[in-house]
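Trainee: Can you keep this structure in mind? I'll have questions shortly.
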Amino acid sequence: MTQVAELAEQFQHHPRWENEWNVVQIWLITHEGGKAITEKDRQLAEAIDTLTNGGQAPAKSSDAHPDKVKVFADGGSRGNPGPSSSGFVVLDMEDNVLVDKGVYLGVTTNNQAEYTALKLALEECHKLGAREVQVYMDSLLVVNQMNGIFKIRNRDLWPIHDAIKQIAKDFRKVEFSHVPREFNKQADAAVNRALDEQLDKQQQR
């Protein structure tokens, strides 16, 4: 029980358990997830199984399924509208890179690419099991629209804006902050990498 308690602390989990004589019962439920079984529960269960089967339970690494993450997202269109891509980087709170991804979108506008980058990034954070996300973008338009400061006048952006709002509800907290372009170089590099790779493929045909 002492070893399992140490595991629970590493996984930032607080299971319910009962001990009667030589029997220990453990219930793993995530209250934040509406008392549903989540990936966080499964990870701790696997670690406990490994421990009780005589193995060395793995410690939870700082970059595996972190509770809080930072996101830098960007999008670009060469032509506006023109060939576009979205890029994002997900980091843990110690600035270790968890995901660095660029996605070619086809022909869209800059704003659509920026919004798509945000949507893809939040979806990735959800897969990682993050509960709190700090988003940083150099698009003042997207940040202020997500924060409800600017109205969305372009109706083409309504669907993806609403989709992002729905995704954000799956997290305990999502914060949107504006940063100068020079502080968003990693995401910008992912954008250009995806665009350049697509251009190279087209030239090779």
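A note on labels: chains of the structure tokens are A, B, ... as shown, every chain counts residues from 1, and ligands are counted from 1 in their shown order.
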Quick check for you: according to DSSP on this backbone, which residues of chain A are classed as alpha helix (DSSP H)? Reply as number ranges by chain.

Mentor: A: 2-10, 39-52, 110-128, 140-146, 158-168, 185-204

Trainee: Would you mind listing what lies within 7 Å of segment 165-173 of chain A as an MDAnalysis selection string, with only C-alpha atoms counted and same-chain residues fewer than 5 positions away left out?

Mentor: chainID A and resid 131:133

Trainee: Those same residues, written as an mmCIF file, in the first residue's frame with N, CA, C and O atoms?

Mentor:
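Written file, selection.cif:
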data_model
loop_
_atom_site.group_PDB
_atom_site.id
_atom_site.type_symbol
_atom_site.label_atom_id
_atom_site.label_comp_id
_atom_site.auth_asym_id
_atom_site.auth_seq_id
_atom_site.Cartn_x
_atom_site.Cartn_y
_atom_site.Cartn_z
ATOM 1 N N ARG A 131 -5.130 18.515 -18.749
ATOM 2 C CA ARG A 131 -6.349 19.107 -18.190
ATOM 3 C C ARG A 131 -6.334 20.628 -18.250
ATOM 4 O O ARG A 131 -7.385 21.258 -18.235
ATOM 5 N N GLU A 132 -5.154 21.221 -18.296
ATOM 6 C CA GLU A 132 -5.033 22.675 -18.399
ATOM 7 C C GLU A 132 -4.088 23.011 -19.537
ATOM 8 O O GLU A 132 -3.019 22.398 -19.670
ATOM 9 N N VAL A 133 -4.480 23.984 -20.364
ATOM 10 C CA VAL A 133 -3.690 24.348 -21.542
ATOM 11 C C VAL A 133 -3.505 25.858 -21.593
ATOM 12 O O VAL A 133 -4.476 26.611 -21.485
#

Trainee: Excluding Arg42 of chain A and its own-chain neighbours fewer than 4 positions away, which residues fall within 12 Å of it when counting only C-alpha atoms? Please give them as a VMD selection string.

Mentor: chain A and resid 11 13 15 27 to 30 36 to 38 46 to 49 65 129

Trainee: Mind dumping the selected residues with all heavy atoms as a compact mmCIF listing (two decimals), in the first residue's frame?

Mentor:
# COMPACT_ATOMS: atom_id res chain seq x y z
N PHE A 11 1.50 9.93 -10.19
CA PHE A 11 0.52 10.09 -11.26
C PHE A 11 -0.50 11.18 -10.94
O PHE A 11 -1.44 11.38 -11.70
CB PHE A 11 -0.21 8.76 -11.51
CG PHE A 11 0.57 7.78 -12.34
CD1 PHE A 11 1.62 7.07 -11.80
CD2 PHE A 11 0.27 7.59 -13.67
CE1 PHE A 11 2.35 6.17 -12.55
CE2 PHE A 11 1.00 6.69 -14.44
CZ PHE A 11 2.04 5.97 -13.88
N HIS A 13 -2.84 11.22 -8.78
CA HIS A 13 -4.14 10.57 -8.72
C HIS A 13 -4.47 10.29 -7.26
O HIS A 13 -3.59 10.06 -6.45
CB HIS A 13 -4.09 9.26 -9.52
CG HIS A 13 -5.43 8.82 -10.03
ND1 HIS A 13 -6.51 8.65 -9.22
CD2 HIS A 13 -5.84 8.51 -11.29
CE1 HIS A 13 -7.54 8.25 -9.94
NE2 HIS A 13 -7.16 8.15 -11.20
N PRO A 15 -6.85 7.74 -5.65
CA PRO A 15 -7.84 6.66 -5.70
C PRO A 15 -8.50 6.42 -4.34
O PRO A 15 -7.96 6.77 -3.29
CB PRO A 15 -7.00 5.45 -6.11
CG PRO A 15 -5.64 5.74 -5.58
CD PRO A 15 -5.46 7.23 -5.71
N TRP A 27 -10.37 1.64 -6.08
CA TRP A 27 -11.29 2.18 -7.09
C TRP A 27 -10.61 3.35 -7.78
O TRP A 27 -10.17 4.31 -7.13
CB TRP A 27 -12.59 2.66 -6.45
CG TRP A 27 -13.48 1.57 -5.94
CD1 TRP A 27 -14.53 0.99 -6.58
CD2 TRP A 27 -13.39 0.92 -4.67
NE1 TRP A 27 -15.11 0.03 -5.79
CE2 TRP A 27 -14.44 -0.04 -4.61
CE3 TRP A 27 -12.54 1.06 -3.57
CZ2 TRP A 27 -14.65 -0.85 -3.49
CZ3 TRP A 27 -12.75 0.25 -2.46
CH2 TRP A 27 -13.79 -0.69 -2.44
N LEU A 28 -10.53 3.29 -9.10
CA LEU A 28 -9.91 4.36 -9.88
C LEU A 28 -10.98 5.06 -10.71
O LEU A 28 -11.46 4.53 -11.70
CB LEU A 28 -8.82 3.81 -10.79
CG LEU A 28 -7.65 3.12 -10.09
CD1 LEU A 28 -6.66 2.57 -11.10
CD2 LEU A 28 -6.94 4.11 -9.16
N ILE A 29 -11.35 6.25 -10.30
CA ILE A 29 -12.35 7.05 -11.01
C ILE A 29 -11.86 8.49 -11.02
O ILE A 29 -11.39 9.00 -10.01
CB ILE A 29 -13.73 6.99 -10.32
CG1 ILE A 29 -14.27 5.56 -10.34
CG2 ILE A 29 -14.72 7.93 -11.00
CD1 ILE A 29 -15.57 5.40 -9.58
N THR A 30 -11.96 9.13 -12.17
CA THR A 30 -11.56 10.53 -12.28
C THR A 30 -12.79 11.41 -12.08
O THR A 30 -13.69 11.45 -12.92
CB THR A 30 -10.93 10.81 -13.65
OG1 THR A 30 -9.78 9.97 -13.81
CG2 THR A 30 -10.49 12.28 -13.77
N ALA A 36 -15.98 9.20 -14.66
CA ALA A 36 -15.80 8.20 -15.72
C ALA A 36 -14.39 7.63 -15.65
O ALA A 36 -13.50 8.20 -15.02
CB ALA A 36 -16.05 8.84 -17.08
N ILE A 37 -14.19 6.50 -16.31
CA ILE A 37 -12.86 5.91 -16.42
C ILE A 37 -12.11 6.64 -17.52
O ILE A 37 -12.58 6.73 -18.66
CB ILE A 37 -12.93 4.42 -16.74
CG1 ILE A 37 -13.74 3.68 -15.67
CG2 ILE A 37 -11.54 3.82 -16.85
CD1 ILE A 37 -13.17 3.79 -14.28
N THR A 38 -10.95 7.19 -17.20
CA THR A 38 -10.17 7.96 -18.16
C THR A 38 -8.82 7.30 -18.40
O THR A 38 -8.46 6.32 -17.73
CB THR A 38 -9.95 9.39 -17.66
OG1 THR A 38 -9.10 9.35 -16.50
CG2 THR A 38 -11.27 10.07 -17.30
N GLU A 46 -2.31 0.17 -14.77
CA GLU A 46 -1.23 -0.62 -15.38
C GLU A 46 0.02 -0.60 -14.51
O GLU A 46 0.71 -1.62 -14.34
CB GLU A 46 -0.92 -0.08 -16.78
CG GLU A 46 -2.01 -0.36 -17.80
CD GLU A 46 -1.72 0.29 -19.14
OE1 GLU A 46 -0.63 0.89 -19.28
OE2 GLU A 46 -2.56 0.19 -20.04
N ALA A 47 0.31 0.58 -13.94
CA ALA A 47 1.49 0.70 -13.08
C ALA A 47 1.32 -0.14 -11.82
O ALA A 47 2.27 -0.79 -11.35
CB ALA A 47 1.73 2.16 -12.73
N ILE A 48 0.11 -0.16 -11.25
CA ILE A 48 -0.16 -0.96 -10.05
C ILE A 48 -0.06 -2.45 -10.38
O ILE A 48 0.49 -3.24 -9.60
CB ILE A 48 -1.55 -0.62 -9.47
CG1 ILE A 48 -1.55 0.81 -8.93
CG2 ILE A 48 -1.92 -1.60 -8.36
CD1 ILE A 48 -2.93 1.30 -8.51
N ASP A 49 -0.58 -2.84 -11.56
CA ASP A 49 -0.48 -4.24 -11.98
C ASP A 49 0.98 -4.68 -12.08
O ASP A 49 1.36 -5.77 -11.65
CB ASP A 49 -1.17 -4.44 -13.34
CG ASP A 49 -2.69 -4.47 -13.22
OD1 ASP A 49 -3.20 -4.64 -12.09
OD2 ASP A 49 -3.36 -4.32 -14.25
N HIS A 65 1.70 12.27 -20.68
CA HIS A 65 0.39 12.61 -20.16
C HIS A 65 0.47 13.65 -19.04
O HIS A 65 -0.01 13.40 -17.93
CB HIS A 65 -0.31 11.34 -19.68
CG HIS A 65 -0.41 10.30 -20.74
ND1 HIS A 65 -1.36 10.33 -21.74
CD2 HIS A 65 0.35 9.21 -20.99
CE1 HIS A 65 -1.19 9.30 -22.54
NE2 HIS A 65 -0.16 8.61 -22.12
N GLY A 129 -3.93 13.76 -22.60
CA GLY A 129 -4.52 13.69 -21.28
C GLY A 129 -4.36 14.95 -20.46
O GLY A 129 -4.58 14.94 -19.24

Trainee: Counting only C-alpha atoms, what are the residues of segment 42-135 of chain A within 9 Å of segment 150-162 of chain A, and for each of them which pair of atoms is the nearest and at what distance in Å, to one decimal? Sort the table by chain and rising number, as a tab-separated table.

Mentor:
residue	atom	partner	partner_atom	distance
A:Asn111	CA	A:Leu157	CA	8.0
A:Gln112	CA	A:Leu157	CA	6.8
A:Tyr115	CA	A:Ile160	CA	6.9
A:Thr116	CA	A:Ile160	CA	7.3
A:Lys119	CA	A:Ile160	CA	7.7

Trainee: List the spatial neighbours of Pro81 of chain A as a PDB file with all heavy atoms, in the first residue's frame - criterion: any atom at most 12 Å away, only C-alpha atoms, same-chain residues fewer than 3 positions off excluded.

Mentor:
ATOM      1  N   GLY A  76      -0.347  29.620 -41.767  1.00  0.00           N
ATOM      2  CA  GLY A  76       0.118  30.505 -42.835  1.00  0.00           C
ATOM      3  C   GLY A  76      -0.445  30.119 -44.177  1.00  0.00           C
ATOM      4  O   GLY A  76      -0.715  28.945 -44.432  1.00  0.00           O
ATOM      5  N   SER A  77      -0.634  31.128 -45.020  1.00  0.00           N
ATOM      6  CA  SER A  77      -1.135  30.914 -46.375  1.00  0.00           C
ATOM      7  C   SER A  77      -0.267  31.698 -47.341  1.00  0.00           C
ATOM      8  O   SER A  77      -0.057  32.889 -47.165  1.00  0.00           O
ATOM      9  CB  SER A  77      -2.589  31.390 -46.481  1.00  0.00           C
ATOM     10  OG  SER A  77      -3.031  31.349 -47.814  1.00  0.00           O
ATOM     11  N   ARG A  78       0.254  31.028 -48.322  1.00  0.00           N
ATOM     12  CA  ARG A  78       1.070  31.691 -49.333  1.00  0.00           C
ATOM     13  C   ARG A  78       0.164  32.121 -50.487  1.00  0.00           C
ATOM     14  O   ARG A  78      -0.027  31.396 -51.445  1.00  0.00           O
ATOM     15  CB  ARG A  78       2.192  30.771 -49.810  1.00  0.00           C
ATOM     16  CG  ARG A  78       3.185  30.439 -48.713  1.00  0.00           C
ATOM     17  CD  ARG A  78       4.268  29.475 -49.161  1.00  0.00           C
ATOM     18  NE  ARG A  78       5.166  29.139 -48.051  1.00  0.00           N
ATOM     19  CZ  ARG A  78       6.138  28.254 -48.115  1.00  0.00           C
ATOM     20  NH1 ARG A  78       6.339  27.564 -49.238  1.00  0.00           N
ATOM     21  NH2 ARG A  78       6.912  28.010 -47.062  1.00  0.00           N
ATOM     22  N   SER A  84      -1.792  26.475 -47.904  1.00  0.00           N
ATOM     23  CA  SER A  84      -1.735  26.814 -46.478  1.00  0.00           C
ATOM     24  C   SER A  84      -1.370  25.609 -45.625  1.00  0.00           C
ATOM     25  O   SER A  84      -1.537  24.460 -46.044  1.00  0.00           O
ATOM     26  CB  SER A  84      -3.090  27.357 -46.010  1.00  0.00           C
ATOM     27  OG  SER A  84      -3.532  28.419 -46.829  1.00  0.00           O
ATOM     28  N   SER A  85      -0.909  25.897 -44.446  1.00  0.00           N
ATOM     29  CA  SER A  85      -0.647  24.832 -43.479  1.00  0.00           C
ATOM     30  C   SER A  85      -0.789  25.383 -42.071  1.00  0.00           C
ATOM     31  O   SER A  85      -0.758  26.597 -41.842  1.00  0.00           O
ATOM     32  CB  SER A  85       0.742  24.223 -43.678  1.00  0.00           C
ATOM     33  OG  SER A  85       1.745  25.164 -43.373  1.00  0.00           O
ATOM     34  N   LEU A 105      -2.855  21.983 -45.468  1.00  0.00           N
ATOM     35  CA  LEU A 105      -4.308  22.111 -45.493  1.00  0.00           C
ATOM     36  C   LEU A 105      -4.904  22.223 -46.880  1.00  0.00           C
ATOM     37  O   LEU A 105      -6.106  22.039 -47.050  1.00  0.00           O
ATOM     38  CB  LEU A 105      -4.737  23.348 -44.684  1.00  0.00           C
ATOM     39  CG  LEU A 105      -4.274  23.427 -43.230  1.00  0.00           C
ATOM     40  CD1 LEU A 105      -4.717  24.749 -42.621  1.00  0.00           C
ATOM     41  CD2 LEU A 105      -4.804  22.249 -42.431  1.00  0.00           C
ATOM     42  N   GLY A 106      -4.096  22.553 -47.872  1.00  0.00           N
ATOM     43  CA  GLY A 106      -4.648  22.873 -49.183  1.00  0.00           C
ATOM     44  C   GLY A 106      -4.791  24.377 -49.318  1.00  0.00           C
ATOM     45  O   GLY A 106      -4.032  25.135 -48.709  1.00  0.00           O
ATOM     46  N   VAL A 107      -5.768  24.827 -50.064  1.00  0.00           N
ATOM     47  CA  VAL A 107      -5.960  26.260 -50.287  1.00  0.00           C
ATOM     48  C   VAL A 107      -6.937  26.820 -49.261  1.00  0.00           C
ATOM     49  O   VAL A 107      -8.108  26.433 -49.223  1.00  0.00           O
ATOM     50  CB  VAL A 107      -6.479  26.533 -51.711  1.00  0.00           C
ATOM     51  CG1 VAL A 107      -6.755  28.020 -51.888  1.00  0.00           C
ATOM     52  CG2 VAL A 107      -5.461  26.054 -52.744  1.00  0.00           C
ATOM     53  N   THR A 108      -6.444  27.699 -48.390  1.00  0.00           N
ATOM     54  CA  THR A 108      -7.282  28.383 -47.403  1.00  0.00           C
ATOM     55  C   THR A 108      -6.727  29.797 -47.207  1.00  0.00           C
ATOM     56  O   THR A 108      -5.799  30.215 -47.913  1.00  0.00           O
ATOM     57  CB  THR A 108      -7.296  27.664 -46.042  1.00  0.00           C
ATOM     58  OG1 THR A 108      -5.987  27.755 -45.446  1.00  0.00           O
ATOM     59  CG2 THR A 108      -7.673  26.210 -46.177  1.00  0.00           C
ATOM     60  N   THR A 109      -7.260  30.486 -46.223  1.00  0.00           N
ATOM     61  CA  THR A 109      -6.770  31.819 -45.874  1.00  0.00           C
ATOM     62  C   THR A 109      -5.871  31.726 -44.644  1.00  0.00           C
ATOM     63  O   THR A 109      -5.836  30.695 -43.954  1.00  0.00           O
ATOM     64  CB  THR A 109      -7.931  32.773 -45.562  1.00  0.00           C
ATOM     65  OG1 THR A 109      -8.609  32.312 -44.368  1.00  0.00           O
ATOM     66  CG2 THR A 109      -8.918  32.835 -46.722  1.00  0.00           C
ATOM     67  N   ASN A 110      -5.177  32.819 -44.348  1.00  0.00           N
ATOM     68  CA  ASN A 110      -4.334  32.872 -43.157  1.00  0.00           C
ATOM     69  C   ASN A 110      -5.146  32.602 -41.894  1.00  0.00           C
ATOM     70  O   ASN A 110      -4.736  31.824 -41.034  1.00  0.00           O
ATOM     71  CB  ASN A 110      -3.665  34.244 -43.036  1.00  0.00           C
ATOM     72  CG  ASN A 110      -2.394  34.351 -43.851  1.00  0.00           C
ATOM     73  OD1 ASN A 110      -1.651  33.387 -43.990  1.00  0.00           O
ATOM     74  ND2 ASN A 110      -2.143  35.521 -44.412  1.00  0.00           N
ATOM     75  N   ASN A 111      -6.298  33.272 -41.781  1.00  0.00           N
ATOM     76  CA  ASN A 111      -7.112  33.134 -40.574  1.00  0.00           C
ATOM     77  C   ASN A 111      -7.631  31.713 -40.399  1.00  0.00           C
ATOM     78  O   ASN A 111      -7.663  31.182 -39.286  1.00  0.00           O
ATOM     79  CB  ASN A 111      -8.283  34.118 -40.605  1.00  0.00           C
ATOM     80  CG  ASN A 111      -7.830  35.557 -40.433  1.00  0.00           C
ATOM     81  OD1 ASN A 111      -6.762  35.820 -39.882  1.00  0.00           O
ATOM     82  ND2 ASN A 111      -8.636  36.503 -40.892  1.00  0.00           N
ATOM     83  N   GLN A 112      -8.027  31.091 -41.501  1.00  0.00           N
ATOM     84  CA  GLN A 112      -8.485  29.701 -41.412  1.00  0.00           C
ATOM     85  C   GLN A 112      -7.355  28.779 -40.976  1.00  0.00           C
ATOM     86  O   GLN A 112      -7.560  27.848 -40.190  1.00  0.00           O
ATOM     87  CB  GLN A 112      -9.057  29.256 -42.764  1.00  0.00           C
ATOM     88  CG  GLN A 112     -10.392  29.896 -43.100  1.00  0.00           C
ATOM     89  CD  GLN A 112     -10.831  29.616 -44.530  1.00  0.00           C
ATOM     90  OE1 GLN A 112      -9.998  29.508 -45.438  1.00  0.00           O
ATOM     91  NE2 GLN A 112     -12.133  29.494 -44.745  1.00  0.00           N
ATOM     92  N   ALA A 113      -6.163  29.036 -41.475  1.00  0.00           N
ATOM     93  CA  ALA A 113      -5.001  28.223 -41.094  1.00  0.00           C
ATOM     94  C   ALA A 113      -4.650  28.420 -39.625  1.00  0.00           C
ATOM     95  O   ALA A 113      -4.276  27.471 -38.927  1.00  0.00           O
ATOM     96  CB  ALA A 113      -3.808  28.570 -41.984  1.00  0.00           C
TER      97      ALA A 113
END

Trainee: Nearest to Tyr136 of chain A among A:Val103, A:Val71, A:Val89, A:Ala189, with distances taken over only C-alpha atoms: which residue is it?

Mentor: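 Of all the options, A:Val71 lies closest to Tyr136 of chain A.
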
Trainee: Between A:Ala117, A:Leu128, A:Ala5, A:Leu44, which residue has the minimum interatomic distance to Val99 of chain A, considering only C-alpha atoms?

Mentor: A:Leu128

Trainee: Excluding Arg193 of chain A and any residue of its chain fewer than 6 positions from it, enumerate the residues within 12 Å of it, using only C-alpha atoms, and give them as a ChimeraX atom specification.

Mentor: /A:75-76,84-88,100-104,185-187,199-200

Trainee: Could you take the residues named above and write them with N, CA and C atoms, as a compact mmCIF listing (two decimals), in the first residue's frame?

Mentor:
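The result, written out as result33.txt:
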# COMPACT_ATOMS: atom_id res chain seq x y z
N GLY A 75 -0.43 29.53 -38.19
CA GLY A 75 -0.92 29.10 -39.49
C GLY A 75 -0.47 30.09 -40.54
N GLY A 76 -0.35 29.62 -41.77
CA GLY A 76 0.12 30.50 -42.84
C GLY A 76 -0.44 30.12 -44.18
N SER A 84 -1.79 26.48 -47.90
CA SER A 84 -1.73 26.81 -46.48
C SER A 84 -1.37 25.61 -45.63
N SER A 85 -0.91 25.90 -44.45
CA SER A 85 -0.65 24.83 -43.48
C SER A 85 -0.79 25.38 -42.07
N SER A 86 -0.96 24.47 -41.14
CA SER A 86 -1.03 24.81 -39.72
C SER A 86 0.12 24.13 -39.01
N GLY A 87 0.62 24.78 -37.97
CA GLY A 87 1.70 24.20 -37.19
C GLY A 87 1.50 24.48 -35.72
N PHE A 88 1.93 23.55 -34.89
CA PHE A 88 1.82 23.76 -33.45
C PHE A 88 2.87 22.95 -32.72
N ASP A 100 5.54 18.25 -31.98
CA ASP A 100 5.93 19.30 -32.92
C ASP A 100 5.38 18.88 -34.28
N LYS A 101 4.36 19.56 -34.76
CA LYS A 101 3.63 19.05 -35.91
C LYS A 101 3.23 20.16 -36.88
N GLY A 102 3.36 19.86 -38.16
CA GLY A 102 2.87 20.73 -39.22
C GLY A 102 1.95 19.95 -40.13
N VAL A 103 0.85 20.56 -40.55
CA VAL A 103 -0.15 19.87 -41.37
C VAL A 103 -0.50 20.73 -42.58
N TYR A 104 -0.35 20.15 -43.76
CA TYR A 104 -0.73 20.87 -44.98
C TYR A 104 -2.25 20.84 -45.11
N LYS A 185 8.38 31.11 -32.97
CA LYS A 185 9.19 30.61 -34.07
C LYS A 185 9.05 29.11 -34.30
N GLN A 186 8.86 28.35 -33.24
CA GLN A 186 8.75 26.89 -33.40
C GLN A 186 7.50 26.52 -34.19
N ALA A 187 6.39 27.15 -33.85
CA ALA A 187 5.15 26.87 -34.58
C ALA A 187 5.24 27.37 -36.01
N LEU A 199 5.28 21.32 -51.30
CA LEU A 199 5.79 21.90 -52.54
C LEU A 199 6.80 20.97 -53.20
N ASP A 200 7.66 20.36 -52.38
CA ASP A 200 8.65 19.41 -52.92
C ASP A 200 7.97 18.21 -53.55

Trainee: What is the distance, in Å and to one decimal place, between atom CA of Ala73 of chain A and atom CA of Asp41 of chain A?

Mentor: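 We find that atom CA of Ala73 of chain A and atom CA of Asp41 of chain A lie 29.2 Å from each other.
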
Trainee: What is the distance between atom CA of Val4 of chain A and atom CA of Leu98 of chain A, in Å to one decimal?

Mentor: 26.9 Å

Trainee: How many Å separate atom CA of Pro180 of chain A from atom CA of Met137 of chain A?

Mentor: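 That distance, rounded to one decimal, is 8.0 Å.
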
Trainee: Find the residues near Asp188 of chain A: any atom within 7 Å, counting only C-alpha atoms, skip ones fewer than 4 places away on the same chain, and give them as a ChimeraX atom specification.

Mentor: /A:74,87,184,192

Trainee: Generate the output file for the selected residues, C-alpha atoms, as a PDB file, in the first residue's frame.

Mentor:
ATOM      1  CA  ASP A  74       0.478  29.262 -35.986  1.00  0.00           C
ATOM      2  CA  GLY A  87       1.697  24.202 -37.191  1.00  0.00           C
ATOM      3  CA  ASN A 184       6.331  31.815 -31.882  1.00  0.00           C
ATOM      4  CA  ASN A 192       6.767  26.371 -43.284  1.00  0.00           C
TER       5      ASN A 192
END

Trainee: Can you list, as number ranges by chain, every protein, DNA or RNA residue that comes within 6 Å of Asp138 of chain A when you count only C-alpha atoms, leaving out same-chain residues fewer than 6 positions away?

Mentor: A: 178-181

Trainee: For those residues, write all heavy atoms to a file as a PDB file, in the first residue's frame.

Mentor:
ATOM      1  N   HIS A 178      -1.689  36.329 -26.379  1.00  0.00           N
ATOM      2  CA  HIS A 178      -0.986  36.798 -27.579  1.00  0.00           C
ATOM      3  C   HIS A 178       0.501  36.950 -27.284  1.00  0.00           C
ATOM      4  O   HIS A 178       0.887  37.416 -26.200  1.00  0.00           O
ATOM      5  CB  HIS A 178      -1.562  38.136 -28.043  1.00  0.00           C
ATOM      6  CG  HIS A 178      -0.840  38.707 -29.224  1.00  0.00           C
ATOM      7  ND1 HIS A 178       0.093  39.723 -29.110  1.00  0.00           N
ATOM      8  CD2 HIS A 178      -0.891  38.387 -30.541  1.00  0.00           C
ATOM      9  CE1 HIS A 178       0.562  40.002 -30.309  1.00  0.00           C
ATOM     10  NE2 HIS A 178      -0.011  39.213 -31.178  1.00  0.00           N
ATOM     11  N   VAL A 179       1.329  36.534 -28.250  1.00  0.00           N
ATOM     12  CA  VAL A 179       2.773  36.718 -28.142  1.00  0.00           C
ATOM     13  C   VAL A 179       3.289  37.314 -29.449  1.00  0.00           C
ATOM     14  O   VAL A 179       2.699  37.081 -30.511  1.00  0.00           O
ATOM     15  CB  VAL A 179       3.518  35.393 -27.860  1.00  0.00           C
ATOM     16  CG1 VAL A 179       3.186  34.878 -26.481  1.00  0.00           C
ATOM     17  CG2 VAL A 179       3.213  34.351 -28.920  1.00  0.00           C
ATOM     18  N   PRO A 180       4.350  38.078 -29.417  1.00  0.00           N
ATOM     19  CA  PRO A 180       4.950  38.577 -30.662  1.00  0.00           C
ATOM     20  C   PRO A 180       5.434  37.418 -31.529  1.00  0.00           C
ATOM     21  O   PRO A 180       5.723  36.332 -31.032  1.00  0.00           O
ATOM     22  CB  PRO A 180       6.138  39.420 -30.165  1.00  0.00           C
ATOM     23  CG  PRO A 180       5.815  39.750 -28.745  1.00  0.00           C
ATOM     24  CD  PRO A 180       5.037  38.582 -28.223  1.00  0.00           C
ATOM     25  N   ARG A 181       5.526  37.664 -32.815  1.00  0.00           N
ATOM     26  CA  ARG A 181       5.900  36.611 -33.755  1.00  0.00           C
ATOM     27  C   ARG A 181       7.252  35.978 -33.415  1.00  0.00           C
ATOM     28  O   ARG A 181       7.445  34.766 -33.610  1.00  0.00           O
ATOM     29  CB  ARG A 181       5.945  37.191 -35.180  1.00  0.00           C
ATOM     30  CG  ARG A 181       6.225  36.162 -36.262  1.00  0.00           C
ATOM     31  CD  ARG A 181       6.024  36.762 -37.633  1.00  0.00           C
ATOM     32  NE  ARG A 181       4.635  37.115 -37.864  1.00  0.00           N
ATOM     33  CZ  ARG A 181       3.706  36.260 -38.289  1.00  0.00           C
ATOM     34  NH1 ARG A 181       4.027  34.992 -38.501  1.00  0.00           N
ATOM     35  NH2 ARG A 181       2.475  36.652 -38.473  1.00  0.00           N
TER      36      ARG A 181
END

Trainee: Looking at A:Gln12, A:Gly79, A:Gln202, A:Asn144, which one is nearest to Glu175 of chain A, with distances taken over only C-alpha atoms?

Mentor: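 Among A:Gln12, A:Gly79, A:Gln202, A:Asn144, it is A:Asn144 that comes nearest to Glu175 of chain A.
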
Trainee: Could you pull out the residues in chain A that DSSP calls strand (DSSP E) from the backbone, as number ranges by chain?

Mentor: A: 16-20, 23-27, 68-77, 82-92, 97-108, 132-137, 173-178

Trainee: Here is a test: counting only C-alpha atoms, which residue of A:Asn22, A:Asn96, A:Ser177, A:Ser139 is nearest to Pro66 of chain A?

Mentor: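 Counting only C-alpha atoms, the residue closest to Pro66 of chain A is A:Asn96.
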